[in-house]
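Trainee: My file is structure07.pdb. It has PDB, C-alpha atoms:
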MODEL        1
ATOM      1  CA  MET A  28       8.780  76.874 -59.186
ATOM      2  CA  ARG A  29       9.154  80.242 -57.476
ATOM      3  CA  THR A  30       8.798  79.998 -53.720
ATOM      4  CA  ASP A  31       7.763  83.655 -53.312
ATOM      5  CA  GLU A  32       4.368  82.712 -54.784
ATOM      6  CA  TYR A  33       3.485  80.813 -51.611
ATOM      7  CA  PHE A  34       3.097  81.742 -47.995
ATOM      8  CA  ASP A  35       4.223  78.247 -46.959
ATOM      9  CA  PRO A  36       5.671  76.452 -50.002
ATOM     10  CA  GLU A  37       6.205  73.158 -48.165
ATOM     11  CA  ILE A  38       2.513  72.812 -47.342
ATOM     12  CA  GLU A  39       1.007  74.580 -50.338
ATOM     13  CA  THR A  40       2.894  72.427 -52.848
ATOM     14  CA  MET A  41       2.437  69.116 -51.017
ATOM     15  CA  LYS A  42       1.187  66.045 -52.824
ATOM     16  CA  PRO A  43      -2.568  65.608 -52.180
ATOM     17  CA  GLY A  44      -2.084  62.408 -50.166
ATOM     18  CA  ASP A  45       0.545  64.017 -47.960
ATOM     19  CA  LEU A  46      -1.665  67.066 -47.476
ATOM     20  CA  ARG A  47      -4.587  64.867 -46.371
ATOM     21  CA  LEU A  48      -2.330  63.145 -43.823
ATOM     22  CA  LEU A  49      -1.195  66.510 -42.485
ATOM     23  CA  GLN A  50      -4.786  67.786 -42.262
ATOM     24  CA  GLN A  51      -5.865  64.577 -40.553
ATOM     25  CA  SER A  52      -3.037  64.830 -38.028
ATOM     26  CA  LYS A  53      -3.776  68.481 -37.210
ATOM     27  CA  LEU A  54      -7.518  67.887 -36.912
ATOM     28  CA  SER A  55      -6.907  64.868 -34.713
ATOM     29  CA  ARG A  56      -4.814  66.999 -32.340
ATOM     30  CA  GLN A  57      -7.507  69.692 -32.307
ATOM     31  CA  LEU A  58     -10.206  67.143 -31.484
ATOM     32  CA  ASP A  59      -8.066  65.778 -28.619
ATOM     33  CA  TYR A  60      -7.839  69.330 -27.315
ATOM     34  CA  LEU A  61     -11.582  70.010 -27.647
ATOM     35  CA  PHE A  62     -12.664  66.749 -26.034
ATOM     36  CA  ALA A  63     -10.296  67.393 -23.122
ATOM     37  CA  ARG A  64     -11.154  71.072 -22.537
ATOM     38  CA  SER A  65     -14.479  72.176 -24.013
ATOM     39  CA  PRO A  66     -17.711  71.204 -22.242
ATOM     40  CA  PHE A  67     -19.680  72.709 -25.152
ATOM     41  CA  TYR A  68     -18.134  70.441 -27.783
ATOM     42  CA  ARG A  69     -18.030  67.359 -25.525
ATOM     43  CA  GLU A  70     -21.781  67.709 -24.952
ATOM     44  CA  LYS A  71     -22.508  68.559 -28.593
ATOM     45  CA  PHE A  72     -20.589  65.539 -29.858
ATOM     46  CA  ALA A  73     -22.106  63.245 -27.208
ATOM     47  CA  ALA A  74     -25.623  64.362 -28.200
ATOM     48  CA  ALA A  75     -24.771  63.352 -31.781
ATOM     49  CA  GLY A  76     -23.391  60.003 -30.582
ATOM     50  CA  ILE A  77     -19.819  60.996 -31.466
ATOM     51  CA  ARG A  78     -16.857  59.841 -29.369
ATOM     52  CA  ARG A  79     -13.273  60.988 -29.818
ATOM     53  CA  GLU A  80     -12.241  57.604 -31.191
ATOM     54  CA  ASP A  81     -14.871  57.968 -33.950
ATOM     55  CA  PHE A  82     -12.471  60.193 -35.890
ATOM     56  CA  CYS A  83      -9.802  58.165 -37.664
ATOM     57  CA  ASN A  84      -9.610  59.903 -41.034
ATOM     58  CA  LEU A  85     -11.029  62.921 -42.846
ATOM     59  CA  LYS A  86     -14.018  60.957 -44.186
ATOM     60  CA  ASP A  87     -15.210  60.511 -40.586
ATOM     61  CA  LEU A  88     -15.661  64.260 -40.297
ATOM     62  CA  ALA A  89     -18.900  64.004 -42.300
ATOM     63  CA  ARG A  90     -20.552  62.422 -39.227
ATOM     64  CA  PHE A  91     -19.660  65.313 -36.926
ATOM     65  CA  PRO A  92     -22.373  67.932 -36.290
ATOM     66  CA  PHE A  93     -22.098  71.482 -37.558
ATOM     67  CA  THR A  94     -21.897  74.371 -35.112
ATOM     68  CA  VAL A  95     -23.905  77.498 -35.855
ATOM     69  CA  LYS A  96     -23.469  81.000 -34.472
ATOM     70  CA  GLU A  97     -26.711  80.859 -32.512
ATOM     71  CA  GLU A  98     -25.378  77.935 -30.447
ATOM     72  CA  LEU A  99     -22.266  79.926 -29.607
ATOM     73  CA  ARG A 100     -24.351  82.975 -28.651
ATOM     74  CA  GLU A 101     -26.572  80.842 -26.416
ATOM     75  CA  SER A 102     -23.526  79.337 -24.735
ATOM     76  CA  GLN A 103     -22.059  82.778 -24.183
ATOM     77  CA  GLN A 104     -25.303  83.997 -22.607
ATOM     78  CA  ALA A 105     -25.563  80.912 -20.375
ATOM     79  CA  PHE A 106     -21.874  80.973 -19.377
ATOM     80  CA  PRO A 107     -20.623  84.564 -19.604
ATOM     81  CA  PRO A 108     -18.409  86.094 -20.612
ATOM     82  CA  LEU A 109     -16.935  83.613 -23.138
ATOM     83  CA  GLY A 110     -19.277  80.615 -23.140
ATOM     84  CA  SER A 111     -18.672  76.923 -22.439
ATOM     85  CA  TYR A 112     -17.065  76.451 -25.857
ATOM     86  CA  MET A 113     -13.953  78.271 -24.663
ATOM     87  CA  ALA A 114     -11.213  75.658 -24.407
ATOM     88  CA  ALA A 115      -8.169  77.781 -23.575
ATOM     89  CA  ASP A 116      -7.202  78.744 -20.056
ATOM     90  CA  MET A 117      -6.706  82.493 -20.343
ATOM     91  CA  LYS A 118      -4.222  82.416 -17.437
ATOM     92  CA  ASP A 119      -1.992  79.865 -19.166
ATOM     93  CA  PRO A 120       1.063  81.732 -20.523
ATOM     94  CA  LYS A 121       1.601  79.339 -23.420
ATOM     95  CA  PHE A 122      -1.340  80.962 -25.194
ATOM     96  CA  GLY A 123       0.702  84.137 -25.547
ATOM     97  CA  ARG A 124      -1.546  86.566 -23.735
ATOM     98  CA  LYS A 125      -0.327  88.701 -20.887
ATOM     99  CA  SER A 126      -3.840  89.800 -20.083
ATOM    100  CA  PRO A 127      -7.282  88.485 -20.977
ATOM    101  CA  PRO A 128      -8.941  89.915 -24.084
ATOM    102  CA  ALA A 129     -11.520  92.656 -23.748
ATOM    103  CA  ARG A 130     -14.845  91.137 -22.808
ATOM    104  CA  SER A 131     -17.843  91.919 -24.935
ATOM    105  CA  THR A 132     -21.530  91.257 -24.910
ATOM    106  CA  HIS A 133     -24.132  91.312 -27.625
ATOM    107  CA  ARG A 134     -26.991  93.746 -27.230
ATOM    108  CA  GLU A 135     -29.865  94.699 -29.484
ATOM    109  CA  SER A 136     -28.068  97.939 -30.279
ATOM    110  CA  GLY A 137     -24.880  96.078 -31.293
ATOM    111  CA  LEU A 138     -21.678  94.899 -29.709
ATOM    112  CA  ALA A 139     -20.719  96.550 -26.439
ATOM    113  CA  THR A 140     -17.218  96.278 -24.958
ATOM    114  CA  LEU A 141     -17.066  95.897 -21.196
TER     115      LEU A 141
ENDMDL
END
If you took the structure in this file and wrote it as structure tokens, what would it be?
Mentor:
Amino acid sequence: MRTDEYFDPEIETMKPGDLRLLQQSKLSRQLDYLFARSPFYREKFAAAGIRREDFCNLKDLARFPFTVKEELRESQQAFPPLGSYMAADMKDPKFGRKSPPARSTHRESGLATL
């Protein structure tokens, strides 16, 4: 098998069971992060009766609520400039930013950069 056919051969050629375990592990870490840092997702999951410990494997994901763009827009309007779904601390250097990203707002005429 040629490895130049893959961006990440180790992951892209994994056995299905191993891939599911990897996906489950990564999603579990992401959920830990969201529950710890995002008021938006904590409240959304709580309203759906979902607790962090409710996710044990990928099948459990079917019980989690979907998020739609309108919810994110509403959060951004209620908690400008980035909304309550923002989980990263923009001042934390481990996120690789030396300065915050350009702020933007949605207007009827389109996206405006502040």
Trainee: Might you pull out every residue within 9 Å of stretch 45-47 of chain A, with only C-alpha atoms counted and same-chain residues fewer than 5 positions away left off, and present them as a list in words?
Mentor: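 Here the answer would be Ile38, Glu39, Thr40, Ser52, Asn84 and Leu85 of chain A.
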Trainee: Would you save the residues from that selection as a CSV table (one decimal), in the coordinates of the input, using C-alpha atoms?
Mentor:
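Contents of selection28.csv, as written:
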chain,number,residue,atom,x,y,z
A,38,ILE,CA,2.5,72.8,-47.3
A,39,GLU,CA,1.0,74.6,-50.3
A,40,THR,CA,2.9,72.4,-52.8
A,52,SER,CA,-3.0,64.8,-38.0
A,84,ASN,CA,-9.6,59.9,-41.0
A,85,LEU,CA,-11.0,62.9,-42.8
Trainee: By how many Å are atom CA of A:Ala75 and atom CA of A:Asp87 apart?
Mentor: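 Between atom CA of A:Ala75 and atom CA of A:Asp87 the gap is 13.3 Å.
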Trainee: So how far away is atom CA of A:Ala63 from atom CA of A:Phe91, in Å?
Mentor: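 We find that atom CA of A:Phe91 and atom CA of A:Ala63 lie 16.8 Å from each other.
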Trainee: Considering all atoms listed in the file, can you say which of A:Met41, A:Leu109, A:Val95, A:Leu48 comes closest to A:Lys71?
Mentor: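 For A:Lys71, the nearest of the given residues is A:Val95.
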Trainee: Skipping near chain neighbours, those fewer than 2 positions away, what residues fall within 12 Å of A:Gly110 using only C-alpha atoms, listed as an NGL selection string?
Mentor: :A and (65-68 or 97-108 or 112-115 or 130-132)
Trainee: Report, in Å to a single decimal, how far apart atom CA of A:Lys96 and atom CA of A:Ala73 are.
Mentor: 19.2 Å
Trainee: Would you compute, for all listed atoms of stretch 89-92 of chain A, the axis-aligned bounding box grown by 5 Å on each side, and then report its centre and edge lengths in Å rounded to one decimal, as lines of an AutoDock Vina configuration file?
Mentor:
center_x = -20.6
center_y = 65.2
center_z = -39.3
size_x = 13.5
size_y = 15.5
size_z = 16.0
Trainee: Closest to A:Phe72 among A:Arg56, A:Arg90, A:Lys42, A:Lys118, using only C-alpha atoms?
Mentor: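 Nearest to A:Phe72: A:Arg90.
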Trainee: Considering all atoms listed in the file, state which residue in the set A:Ala74, A:Leu49, A:Asp119, A:Ser111 is at the smallest distance from A:Leu61.
Mentor: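 With all atoms listed in the file as the atom set, the closest residue is A:Ser111.
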